[in-house]
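Student: Structure incoming, see below.
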Amino acid sequence: MFSVKPLKPTFKSYLPPLQTELTKTPQPTINKLEAKLLPGEIVVNEVNFVRKCIGAESSRDDLWGKLICTNFKISFVTHDALPQQKFQYANRLLGEHDVPLACVEQVVTVNDAKGKQKVLGSNQKLKFNPTELIVYCKDFRIVRFRFDEAGPESAKKVCLAIAHYSQPADLQLLFGFEYVGKRHCAPSGDQVNGADRAGGPQTPLFDRTCDWDREIKRTGASEWRVCSVNEGFSVSPSLPEYFVVPVSLADQDLKQYSGFFTAQRIPLWCWNHHNGSALVRMASIRDPAQQRKLDQRICNAVTRSHPKRGDVLKSDLDKSLPSIQDVQAAFVRLRHICVIEPFEESEEKWLSSMESSRWLEYVRAFLKHSAEVVYMLEGKQASVILQEEEDRDLSCVVSSLVQIMLDPHFRSLQGFQSLVQKEWVMAGHRFLDRCNHLKRNDKEEAPLFLLFLDCVWQLMNQYPAAFEFTETYLTVLSDSMWVPVFSTFLFNCARQHTEHSRDFARSKNIPLGRDKALRFPPVWDWSQQFTLKDQALFNSPLYVGKGGPCVQNGAVKSFKRTKKNYSSTLRGMPSLRNGLLGEHDYFPRRSSLVLRLRPDFSQLREAAESPSERFFGDWLSRPPDLQGLLLPQLLPSHLKLWRLYFLRWVPEAQISRGGPITAFHKLSLLADEIETLQRQLRQYKGGAPPSSAPASAPGTPQPEQRRMYFKADTPRDPPSPPDYLSSSFPFSPVGNLCRRSILGTPLSKFLSGAKIWLSTETLASETL
């Protein structure tokens with residue numbers, strides 16, 4: 001064979017060569033799946049090709065993405081859109097699929113091939129490669145992830161990391177310390193931890209004497225004073241540095257008395273009635289030999305603080321109310337019914353299980369006892385001392401409910417927040433232990449704050465126009481307990497907050513300047529979590545505050561409701577008993593504060609009315625004064641399950657374009673339209689020309705100044721609610737709870753208005 005020499009090319013091109021570099025070729029944009037990290041947040045472990053389960057029967061709607069564990073949260077990052085998801089409020093600290101580690105109740109790993117499953121604890125080993133991860137959350141969510149396509153070792157590591165970091169061994173390992181440490185600024189700056197000091201109404205934190213002085217002045221408690229005997233926590237470790245005591249008690253006397261009280265917790269002033277009676281709380285006296293003598297001295301001091309030298313009555317909460325262990329047991333049963341058990345039983349079975357949990361029974365017990373204390377303060381004009389072993393649990397619930405019933409200030413948003421700060425945070429409620437953030441002792445865990453919020457919701461549900469805030473606000477406030485960056489829910493007391501944050505700053509060489517310790521943000525700065533638009537969901541369209549504006553004959557006037565405005569046609573005359581009192585109470589009360597009403601009307605006619613009967617009967621005979629006293633209605637038909645909180649993650653319980661949110665939507669549009677008209681009237685009355693208003697419409701309020709979330713921007717607003725509204729709004733159960741769906745639901749009757757009844761004994765004793 002002969003080889004042929006290739007010919008040389010003779011063509012010569014005078015055009016520039018084509019640019020064939022890869023960098024010039026258009027490529028599709030590929031966004032990496034990365035978690036959004038907060039200051040101080042680091043990625044601990046991650047795994048790719050993870051499937052988040054959306055539907056229980058089919059994987060068609062499941063999402064693919066990356067599962068990431070940080071020192072703050074479980075984060076699932078995906079490019080896929082959530083099916084059937086048209087709206088969800090956005091939290092600035094958490095992504096759409098994020099779960100804070102503090103919210104994790106239990107971590108369960110599953111291996112399908114071997115048929116094994118294991119509940120993971122901190123520092124535990126996992127002997128099999130997991131194919132599935134199930135996360136049970138404290139806010140009633142259940143989240144499932146599948147590792148069918150993920151690397152087995154990576155999946156195992158991320159599961160172990162989630163179990164480990166969700167159970168920190170020390171308080172300073174909670175993410176809030178790293179977060180605050182990174183955001184800490186020098187005191188000379190305009191910001192503390194990245195938040196402005198000024199701007200908008202501020203919720204008093206009661207960590208300064210001026211906050212207490214203002215509260216004394218507001219309530220007219222002239223015979224009480226701010227005491228600084230515990231400055232530096234020198235007397236009691238769990239009391240605040242500043243609190244209020246009778247003027248007649250000297251600091252030296254308080255120091256002497258403190259040694260006889262449990263945990264040195266001397267009596268604390270809570271609130272003063274305008275008639276002069278006071279609400280006081282105190283711990284029990286440890287020394288029986290000093291019991292009578294010390295009781296007499298405290299009662300004398302409280303009596304002298306009353307302008308009419310009224311009586312002093314004591315309520316022993318440990319004997320009158322369920323224990324924290326009872327409340328926790330009821331909550332566990334309720335969670336099992338609402339989340340774990342499938343809805344495959346009959347309606348009657350489900351409602352019977354709800355009754356057997358005793359949760360609503362305990363809600364009623366606290367409301368009822370608080371109403372009894374209200375009678376003593378208002379009806380008998382006597383001061384009341386709430387006594388509890390340590391004065392840090394049950395007294396927080398009762399003292400707060402009493403003040404909400406008596407003082408309309410605490411039914412406003414700022415007032416309610418100041419109440420929680422005063423009666424829970426500064427009074428030393430053990431949020432760290434009761435929330436079980438460190439998961440050290442399950443026996444210390446108890447949802448007392450959630451029980452309190454449920455009681456408030458019951459009052460709000462009965463008198464919606466008396467409260468400035470909404471059930472969305474209460475739900476979000478409860479959820480904030482599991483976001484461990486706020487001082488409000490992170491510590492057992494003010495001293496623990498100060499000491500641990502100071503020690504952490506020293507260990508990290510963080511300069512504190514004039515501050516005693518790192519300044520953790522309170523939860524009341526809602527701009528840290530939500531935009532101004534989302535915060536509008538907290539505002540009730542029905543609320544008419546004291547002296548609220550209204551329009552009469554074209555003029556804006558002040559609306560003040562008096563008893564002369566009442567109309568007997570507004571509200572029918574209910575039973576005098578109304579569930580407040582009963583001859584055979586289902587819950588034993590050895591120290592009940594009020595007399596029992598007779599079992600039927602015939603006996604009521606035969607016997608003379610007692611003062612308590614006249615007090616409750618007189619109040620129930622009139623429409624409620626929304627800016628005055630509110631008493632709960634406590635017959636079984638009056639108490640309901642707080643559906644937005646307990647059933648919001650249950651797909652079977654969701655009502656599309658239904659539920660209370662539909663009425664909220666229409667009322668918000670109406671309230672926004674009224675607000676716009678009022679603003680226009682004020683501008684025209686002040687002589688402002690229409691041209692000075694924004695171009696959209698004369699006198700139209702700026703969006704950031706309008707209170708309502710739903711706005712009547714055009715006169716052609718659709719009469720029907722938007723498609724994205726549901727009974728779970730603004731939350732979405734899609735992708736948060738995955739279990740086998742059941743054809744049909746026993747909740748139909750319940751969701752259409754049936755009530756949750758208490759025990760049959762209660763019905764037998766209280767129905768007429």
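Starting from 1 in every chain, residues are counted up; chains themselves are A, B, ... following the order of the structure tokens, and ligands are numbered from 1 as listed.
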I'd like the neighbourhood of A:Phe76 as a list in words, where a residue qualifies if any of its atoms comes within 7 Å (using only C-alpha atoms), though same-chain residues fewer than 3 positions away should be ignored.

Tutor: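 The neighbour list is Gly65, Lys66, Leu67, Ile68, His97 and Asp98 of chain A.
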
Student: Using only C-alpha atoms, find the one residue out of A:Gly232, A:Gly95, A:Pro447, A:Pro623 that sits nearest to A:Val327.

Tutor: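 Closest candidate: A:Pro447.
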
Student: Write out as a list in words each polymer residue whose atoms come within 8 Å of A:Pro522, counting only C-alpha atoms; drop sequence neighbours fewer than 4 positions from it.

Tutor: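 Selected residues are Phe486, Ser487 and Thr488 of chain A.
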
Student: Give me a file of those residues, with all heavy atoms, as a PDB file, in the first residue's frame.

Tutor:
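Written file, out22.pdb:
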ATOM      1  N   PHE A 486     -35.150  35.068  71.541  1.00  0.00           N
ATOM      2  CA  PHE A 486     -35.808  36.125  72.301  1.00  0.00           C
ATOM      3  C   PHE A 486     -35.637  35.902  73.798  1.00  0.00           C
ATOM      4  O   PHE A 486     -35.824  34.793  74.302  1.00  0.00           O
ATOM      5  CB  PHE A 486     -37.295  36.187  71.946  1.00  0.00           C
ATOM      6  CG  PHE A 486     -37.555  36.323  70.470  1.00  0.00           C
ATOM      7  CD1 PHE A 486     -38.214  35.327  69.768  1.00  0.00           C
ATOM      8  CD2 PHE A 486     -37.125  37.443  69.784  1.00  0.00           C
ATOM      9  CE1 PHE A 486     -38.455  35.451  68.412  1.00  0.00           C
ATOM     10  CE2 PHE A 486     -37.349  37.572  68.420  1.00  0.00           C
ATOM     11  CZ  PHE A 486     -38.014  36.576  67.733  1.00  0.00           C
ATOM     12  N   SER A 487     -35.339  36.978  74.492  1.00  0.00           N
ATOM     13  CA  SER A 487     -35.180  36.891  75.946  1.00  0.00           C
ATOM     14  C   SER A 487     -36.484  36.496  76.620  1.00  0.00           C
ATOM     15  O   SER A 487     -36.471  35.942  77.728  1.00  0.00           O
ATOM     16  CB  SER A 487     -34.713  38.240  76.492  1.00  0.00           C
ATOM     17  OG  SER A 487     -35.668  39.265  76.200  1.00  0.00           O
ATOM     18  N   THR A 488     -37.605  36.761  75.979  1.00  0.00           N
ATOM     19  CA  THR A 488     -38.910  36.530  76.586  1.00  0.00           C
ATOM     20  C   THR A 488     -39.109  35.074  77.002  1.00  0.00           C
ATOM     21  O   THR A 488     -39.624  34.799  78.088  1.00  0.00           O
ATOM     22  CB  THR A 488     -40.017  36.943  75.596  1.00  0.00           C
ATOM     23  OG1 THR A 488     -39.696  38.213  75.028  1.00  0.00           O
ATOM     24  CG2 THR A 488     -41.355  37.005  76.279  1.00  0.00           C
TER      25      THR A 488
END

Student: Give me the residues within 6 Å of stretch 429-434 of chain A as a PyMOL selection string, counting only C-alpha atoms and dropping any in the same chain fewer than 4 places off.

Tutor: chain A and resi 392+424-425+444-446+489-492

Student: Next, write the just-selected residues to a file, as a PDB file, in the first residue's frame, keeping all heavy atoms as the atom set.

Tutor:
ATOM      1  N   ARG A 392     -44.646  30.815  90.702  1.00  0.00           N
ATOM      2  CA  ARG A 392     -44.015  30.981  89.385  1.00  0.00           C
ATOM      3  C   ARG A 392     -44.769  30.270  88.270  1.00  0.00           C
ATOM      4  O   ARG A 392     -44.327  30.299  87.125  1.00  0.00           O
ATOM      5  CB  ARG A 392     -42.572  30.464  89.428  1.00  0.00           C
ATOM      6  CG  ARG A 392     -41.713  31.142  90.470  1.00  0.00           C
ATOM      7  CD  ARG A 392     -40.322  30.560  90.545  1.00  0.00           C
ATOM      8  NE  ARG A 392     -39.515  30.906  89.384  1.00  0.00           N
ATOM      9  CZ  ARG A 392     -38.226  30.559  89.260  1.00  0.00           C
ATOM     10  NH1 ARG A 392     -37.635  29.856  90.220  1.00  0.00           N
ATOM     11  NH2 ARG A 392     -37.543  30.908  88.192  1.00  0.00           N
ATOM     12  N   TRP A 424     -45.267  37.271  83.720  1.00  0.00           N
ATOM     13  CA  TRP A 424     -44.634  36.010  83.346  1.00  0.00           C
ATOM     14  C   TRP A 424     -43.108  36.135  83.315  1.00  0.00           C
ATOM     15  O   TRP A 424     -42.420  35.414  84.032  1.00  0.00           O
ATOM     16  CB  TRP A 424     -45.145  35.550  81.974  1.00  0.00           C
ATOM     17  CG  TRP A 424     -46.564  35.110  81.974  1.00  0.00           C
ATOM     18  CD1 TRP A 424     -47.666  35.911  81.939  1.00  0.00           C
ATOM     19  CD2 TRP A 424     -47.057  33.768  82.047  1.00  0.00           C
ATOM     20  NE1 TRP A 424     -48.810  35.148  81.965  1.00  0.00           N
ATOM     21  CE2 TRP A 424     -48.468  33.840  82.025  1.00  0.00           C
ATOM     22  CE3 TRP A 424     -46.449  32.520  82.101  1.00  0.00           C
ATOM     23  CZ2 TRP A 424     -49.270  32.692  82.072  1.00  0.00           C
ATOM     24  CZ3 TRP A 424     -47.243  31.376  82.140  1.00  0.00           C
ATOM     25  CH2 TRP A 424     -48.626  31.471  82.134  1.00  0.00           C
ATOM     26  N   VAL A 425     -42.610  37.046  82.502  1.00  0.00           N
ATOM     27  CA  VAL A 425     -41.159  37.127  82.300  1.00  0.00           C
ATOM     28  C   VAL A 425     -40.467  37.640  83.554  1.00  0.00           C
ATOM     29  O   VAL A 425     -39.591  36.980  84.116  1.00  0.00           O
ATOM     30  CB  VAL A 425     -40.836  38.019  81.083  1.00  0.00           C
ATOM     31  CG1 VAL A 425     -39.322  38.083  80.867  1.00  0.00           C
ATOM     32  CG2 VAL A 425     -41.528  37.489  79.834  1.00  0.00           C
ATOM     33  N   GLU A 444     -40.428  18.458  84.328  1.00  0.00           N
ATOM     34  CA  GLU A 444     -40.533  19.904  84.521  1.00  0.00           C
ATOM     35  C   GLU A 444     -41.305  20.577  83.387  1.00  0.00           C
ATOM     36  O   GLU A 444     -41.663  21.745  83.488  1.00  0.00           O
ATOM     37  CB  GLU A 444     -39.130  20.524  84.617  1.00  0.00           C
ATOM     38  CG  GLU A 444     -38.344  20.105  85.838  1.00  0.00           C
ATOM     39  CD  GLU A 444     -38.926  20.698  87.112  1.00  0.00           C
ATOM     40  OE1 GLU A 444     -39.493  21.799  87.051  1.00  0.00           O
ATOM     41  OE2 GLU A 444     -38.825  20.047  88.170  1.00  0.00           O
ATOM     42  N   GLU A 445     -41.549  19.851  82.316  1.00  0.00           N
ATOM     43  CA  GLU A 445     -42.219  20.444  81.158  1.00  0.00           C
ATOM     44  C   GLU A 445     -43.710  20.589  81.414  1.00  0.00           C
ATOM     45  O   GLU A 445     -44.358  19.670  81.918  1.00  0.00           O
ATOM     46  CB  GLU A 445     -41.976  19.582  79.917  1.00  0.00           C
ATOM     47  CG  GLU A 445     -42.509  20.184  78.630  1.00  0.00           C
ATOM     48  CD  GLU A 445     -42.137  19.358  77.412  1.00  0.00           C
ATOM     49  OE1 GLU A 445     -41.491  18.302  77.591  1.00  0.00           O
ATOM     50  OE2 GLU A 445     -42.470  19.758  76.290  1.00  0.00           O
ATOM     51  N   ALA A 446     -44.261  21.741  81.070  1.00  0.00           N
ATOM     52  CA  ALA A 446     -45.694  21.984  81.224  1.00  0.00           C
ATOM     53  C   ALA A 446     -46.087  23.192  80.381  1.00  0.00           C
ATOM     54  O   ALA A 446     -45.463  24.248  80.490  1.00  0.00           O
ATOM     55  CB  ALA A 446     -46.060  22.222  82.693  1.00  0.00           C
ATOM     56  N   PHE A 489     -38.692  34.144  76.161  1.00  0.00           N
ATOM     57  CA  PHE A 489     -38.997  32.725  76.391  1.00  0.00           C
ATOM     58  C   PHE A 489     -37.746  31.867  76.589  1.00  0.00           C
ATOM     59  O   PHE A 489     -37.838  30.641  76.509  1.00  0.00           O
ATOM     60  CB  PHE A 489     -39.794  32.164  75.213  1.00  0.00           C
ATOM     61  CG  PHE A 489     -41.046  32.919  74.903  1.00  0.00           C
ATOM     62  CD1 PHE A 489     -41.242  33.486  73.658  1.00  0.00           C
ATOM     63  CD2 PHE A 489     -42.036  33.072  75.855  1.00  0.00           C
ATOM     64  CE1 PHE A 489     -42.397  34.181  73.363  1.00  0.00           C
ATOM     65  CE2 PHE A 489     -43.205  33.769  75.573  1.00  0.00           C
ATOM     66  CZ  PHE A 489     -43.385  34.330  74.323  1.00  0.00           C
ATOM     67  N   LEU A 490     -36.625  32.472  76.847  1.00  0.00           N
ATOM     68  CA  LEU A 490     -35.373  31.714  76.837  1.00  0.00           C
ATOM     69  C   LEU A 490     -34.851  31.385  78.228  1.00  0.00           C
ATOM     70  O   LEU A 490     -34.027  30.478  78.378  1.00  0.00           O
ATOM     71  CB  LEU A 490     -34.304  32.500  76.072  1.00  0.00           C
ATOM     72  CG  LEU A 490     -33.205  31.707  75.357  1.00  0.00           C
ATOM     73  CD1 LEU A 490     -33.799  30.674  74.423  1.00  0.00           C
ATOM     74  CD2 LEU A 490     -32.288  32.646  74.598  1.00  0.00           C
ATOM     75  N   PHE A 491     -35.340  32.094  79.255  1.00  0.00           N
ATOM     76  CA  PHE A 491     -34.729  31.969  80.580  1.00  0.00           C
ATOM     77  C   PHE A 491     -35.787  31.685  81.637  1.00  0.00           C
ATOM     78  O   PHE A 491     -36.979  31.896  81.430  1.00  0.00           O
ATOM     79  CB  PHE A 491     -33.974  33.249  80.936  1.00  0.00           C
ATOM     80  CG  PHE A 491     -32.921  33.629  79.932  1.00  0.00           C
ATOM     81  CD1 PHE A 491     -33.175  34.583  78.957  1.00  0.00           C
ATOM     82  CD2 PHE A 491     -31.676  33.019  79.949  1.00  0.00           C
ATOM     83  CE1 PHE A 491     -32.212  34.935  78.021  1.00  0.00           C
ATOM     84  CE2 PHE A 491     -30.703  33.363  79.026  1.00  0.00           C
ATOM     85  CZ  PHE A 491     -30.976  34.323  78.054  1.00  0.00           C
ATOM     86  N   ASN A 492     -35.308  31.225  82.785  1.00  0.00           N
ATOM     87  CA  ASN A 492     -36.188  30.973  83.924  1.00  0.00           C
ATOM     88  C   ASN A 492     -36.458  32.217  84.746  1.00  0.00           C
ATOM     89  O   ASN A 492     -37.458  32.284  85.463  1.00  0.00           O
ATOM     90  CB  ASN A 492     -35.587  29.901  84.839  1.00  0.00           C
ATOM     91  CG  ASN A 492     -35.738  28.503  84.263  1.00  0.00           C
ATOM     92  OD1 ASN A 492     -36.649  28.231  83.483  1.00  0.00           O
ATOM     93  ND2 ASN A 492     -34.838  27.606  84.631  1.00  0.00           N
TER      94      ASN A 492
END
